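> Dumping the structure here so I can ask a few things about it.
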Amino acid sequence: MLTVLGVALAVTLVATPLLRPVARRLGLVAVPGTRSSHDSPTPRAGGVAILLGVAVALAAGGGGGVSRSDLVALLGGGALLAVVGLLDDRFDLPPLPRLGIQILAAGLVVRATGGFERLPLPEPLSLPLAPALGATTAVLWIVAVTNLYNFMDGIDGLATLQGALTAIALALALPSHASEAATLAAALAGATLGFLVYNWAPASVFLGDVGSGVVGFTLASLPLMASRGSRGEAAVLVAASLFLFLADTTICLLGRSMRGERVLEAHRQHLYQRWVATGATHATVSLWLGFGALVTTSLALIGWRTGDATWYWASLGLGSVFFALERRVVKRREARVDQRYQ
């Protein structure tokens, strides 16, 4: 797996700077607006370099053993999202068609895997699910994580760093259950690490929907490649690793819905965006959130290795503490900013 990770990293390191002028010529550029967190036009659709890195790494490893029908379904679904994401990066597609493709892609994965056998929560809440309910839960899980991850791609380095951390966790967790899935996770980890070099603040290229959509989809789908009976735990591992992402987006969307605002409309109300708006640098915010993700991911990995659900609960509990601290820091900074303008 180290070889696959290294190949993906090297290919992405080389491909990303070559992609930037192409993106500019094709009009794949993020122009700053009232809801943007950047100040100058920046090439997007950089996620294409990540996809290229993953593809070359798998091919260099003789396909990485990716021949199972569930992995083929995952790669096929990811390809669908990549095409739609690239079109969205260029033409700003409406949300409903994109949602329909996401459901279709998730359906391909769930049809091949059968979905969850148990509720994706730590014991003692990991209750058995009927096949139909398990399949429905899996589709909702994949679509939700795909979108929530995409919503958090709003400042330099944040989503790429988080993607690398979660992919590394899956590469470490899955070998004994699905070596092919672990290989894909290692390739994704290497590719995101390579892209992070150019996406770190100040970013010279953005993931774009073609990148964030496919990365989120892959991270959500890989737990379904684990052996039967372990898929729920693998999903908990991903949820714990992505806890700060999922919490920020969920709370933000609930708040916008309660205020009668359009939930899917672009905005700058995420906690990490508000933090930057108070004067914090992109690098500072990304590093702090990355540190929180590293801690929650590590605890969840211990839970996976030991089979002790206490570690999962500790990870989720500590994630809640980190999120509460983040909210407190942001609100205090906002209060100080308001005082300066009074």
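Following the order of the structure tokens, chains are lettered A, B, ..., residues in each are numbered from 1, and ligands are numbered from 1.
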Which residues come within 12 Å of Asp308 (chain A), counting only C-alpha atoms, excluding same-chain residues fewer than 4 positions away, as JSON, numbers by chain?
{"A": [122, 123, 124, 233, 299, 300, 301, 302, 303, 304, 312, 313, 314, 315]}
> So which residues touch Ala57 (chain A) within 8 Å, counting only C-alpha atoms, skipping near sequence neighbours fewer than 5 positions away, as a PyMOL selection string?
chain A and resi 4-5+7-8+187
> From the set A:Leu99, A:Val263, A:Leu121, A:Ala112, which residue has the shortest atom-to-atom contact distance to Val236 (chain A), counting only C-alpha atoms?
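Distance minimum relative to Val236 (chain A) lands on A:Leu121.
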> Which residues come within 10 Å of Pro95 (chain A), counting only C-alpha atoms, excluding same-chain residues fewer than 4 positions away, as a ChimeraX atom specification?
/A:88,99-100,264-265
> What is the CA of Ala45 (chain A) to CA of Leu224 (chain A) distance in Å?
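Between CA of Ala45 (chain A) and CA of Leu224 (chain A) the gap is 27.2 Å.
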> I need the strand (DSSP E) residues of region 12-48 of chain A per DSSP on the backbone, written as a ChimeraX atom specification.
/A:29-30,42-43
> The selected residues should be written to file as an mmCIF file, in the first residue's frame (atoms: C-alpha atoms).

data_model
loop_
_atom_site.group_PDB
_atom_site.id
_atom_site.type_symbol
_atom_site.label_atom_id
_atom_site.label_comp_id
_atom_site.auth_asym_id
_atom_site.auth_seq_id
_atom_site.Cartn_x
_atom_site.Cartn_y
_atom_site.Cartn_z
ATOM 1 C CA VAL A 29 -11.803 29.590 -12.399
ATOM 2 C CA ALA A 30 -13.316 30.578 -9.046
ATOM 3 C CA THR A 42 -8.093 30.901 -8.679
ATOM 4 C CA PRO A 43 -8.221 27.805 -10.916
#
> Mind pulling up the distance from CA of Gly76 (chain A) to CA of Arg25 (chain A)?
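Taking CA of Arg25 (chain A) and CA of Gly76 (chain A), their separation equals 28.0 Å.
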> Pull the helix (DSSP H, G or I) assignments for region 46-263 of chain A out of DSSP run on the backbone, and list those residues as a PyMOL selection string.
chain A and resi 47-60+62-65+69-91+95-113+131-151+158-173+179-199+208-225+231-241+243-258
> Give me, please, the distance in Å between CA of Arg111 (chain A) and CA of Leu237 (chain A), quoted to one decimal.
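Computed distance, CA of Arg111 (chain A) to CA of Leu237 (chain A), equals 22.3 Å.
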> Of the candidates A:Val215, A:Leu242, A:Ala220, A:Ile155, which one gets nearest to Ala201 (chain A) if we count only C-alpha atoms?
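For Ala201 (chain A), the nearest of the candidates is A:Ile155.
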> Where does region 217-283 of chain A meet region 167-186 of chain A within 7 Å, residue by residue, with the nearest atom pair and distance in Å to one decimal for each, counting only C-alpha atoms, listed by chain and rising number, as a tab-separated table?

residue	atom	partner	partner_atom	distance
A:Leu219	CA	A:Ala167	CA	6.8
A:Leu222	CA	A:Ala181	CA	6.4
A:Met225	CA	A:Ala178	CA	6.3
A:Ala226	CA	A:His177	CA	5.2
A:Ser227	CA	A:His177	CA	5.3
> Within 10 Å of region 209-212 of chain A, counting only C-alpha atoms, which residues qualify if same-chain residues fewer than 4 places away don't, as number ranges by chain?
A: 44-51, 78-90, 92, 146-153, 159-160, 163, 192, 216-218
> Contacts of Gly77 (chain A) at 7 Å or less, counting only C-alpha atoms, minus same-chain residues fewer than 3 places along, as a PyMOL selection string?
chain A and resi 73-74+80-81+105-106+108
> Take the residues from that selection and write them out as a PDB file, in the first residue's frame, keeping N, CA and C atoms.

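Resulting contents of selection-v1.pdb:
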ATOM      1  N   ALA A  73     -18.356  -0.817  -8.787  1.00  0.00           N
ATOM      2  CA  ALA A  73     -19.506   0.075  -8.612  1.00  0.00           C
ATOM      3  C   ALA A  73     -19.080   1.395  -8.000  1.00  0.00           C
ATOM      4  N   LEU A  74     -18.183   1.332  -7.017  1.00  0.00           N
ATOM      5  CA  LEU A  74     -17.700   2.567  -6.394  1.00  0.00           C
ATOM      6  C   LEU A  74     -16.973   3.437  -7.418  1.00  0.00           C
ATOM      7  N   LEU A  80     -19.167   8.993 -12.436  1.00  0.00           N
ATOM      8  CA  LEU A  80     -20.374   9.793 -12.699  1.00  0.00           C
ATOM      9  C   LEU A  80     -20.294  11.143 -11.985  1.00  0.00           C
ATOM     10  N   LEU A  81     -19.932  11.114 -10.720  1.00  0.00           N
ATOM     11  CA  LEU A  81     -19.847  12.352  -9.951  1.00  0.00           C
ATOM     12  C   LEU A  81     -18.738  13.255 -10.478  1.00  0.00           C
ATOM     13  N   ALA A 105     -25.412   7.327  -8.099  1.00  0.00           N
ATOM     14  CA  ALA A 105     -24.080   6.790  -7.799  1.00  0.00           C
ATOM     15  C   ALA A 105     -24.098   5.996  -6.493  1.00  0.00           C
ATOM     16  N   ALA A 106     -24.775   6.535  -5.477  1.00  0.00           N
ATOM     17  CA  ALA A 106     -24.881   5.805  -4.209  1.00  0.00           C
ATOM     18  C   ALA A 106     -25.641   4.502  -4.405  1.00  0.00           C
ATOM     19  N   LEU A 108     -25.680   2.623  -7.023  1.00  0.00           N
ATOM     20  CA  LEU A 108     -24.802   1.630  -7.645  1.00  0.00           C
ATOM     21  C   LEU A 108     -23.968   0.906  -6.591  1.00  0.00           C
TER      22      LEU A 108
END
> Smallest atom-to-atom distance to Cys252 (chain A): which of A:Arg24, A:Arg327, A:Arg336, A:Arg231, using only C-alpha atoms?
A:Arg327
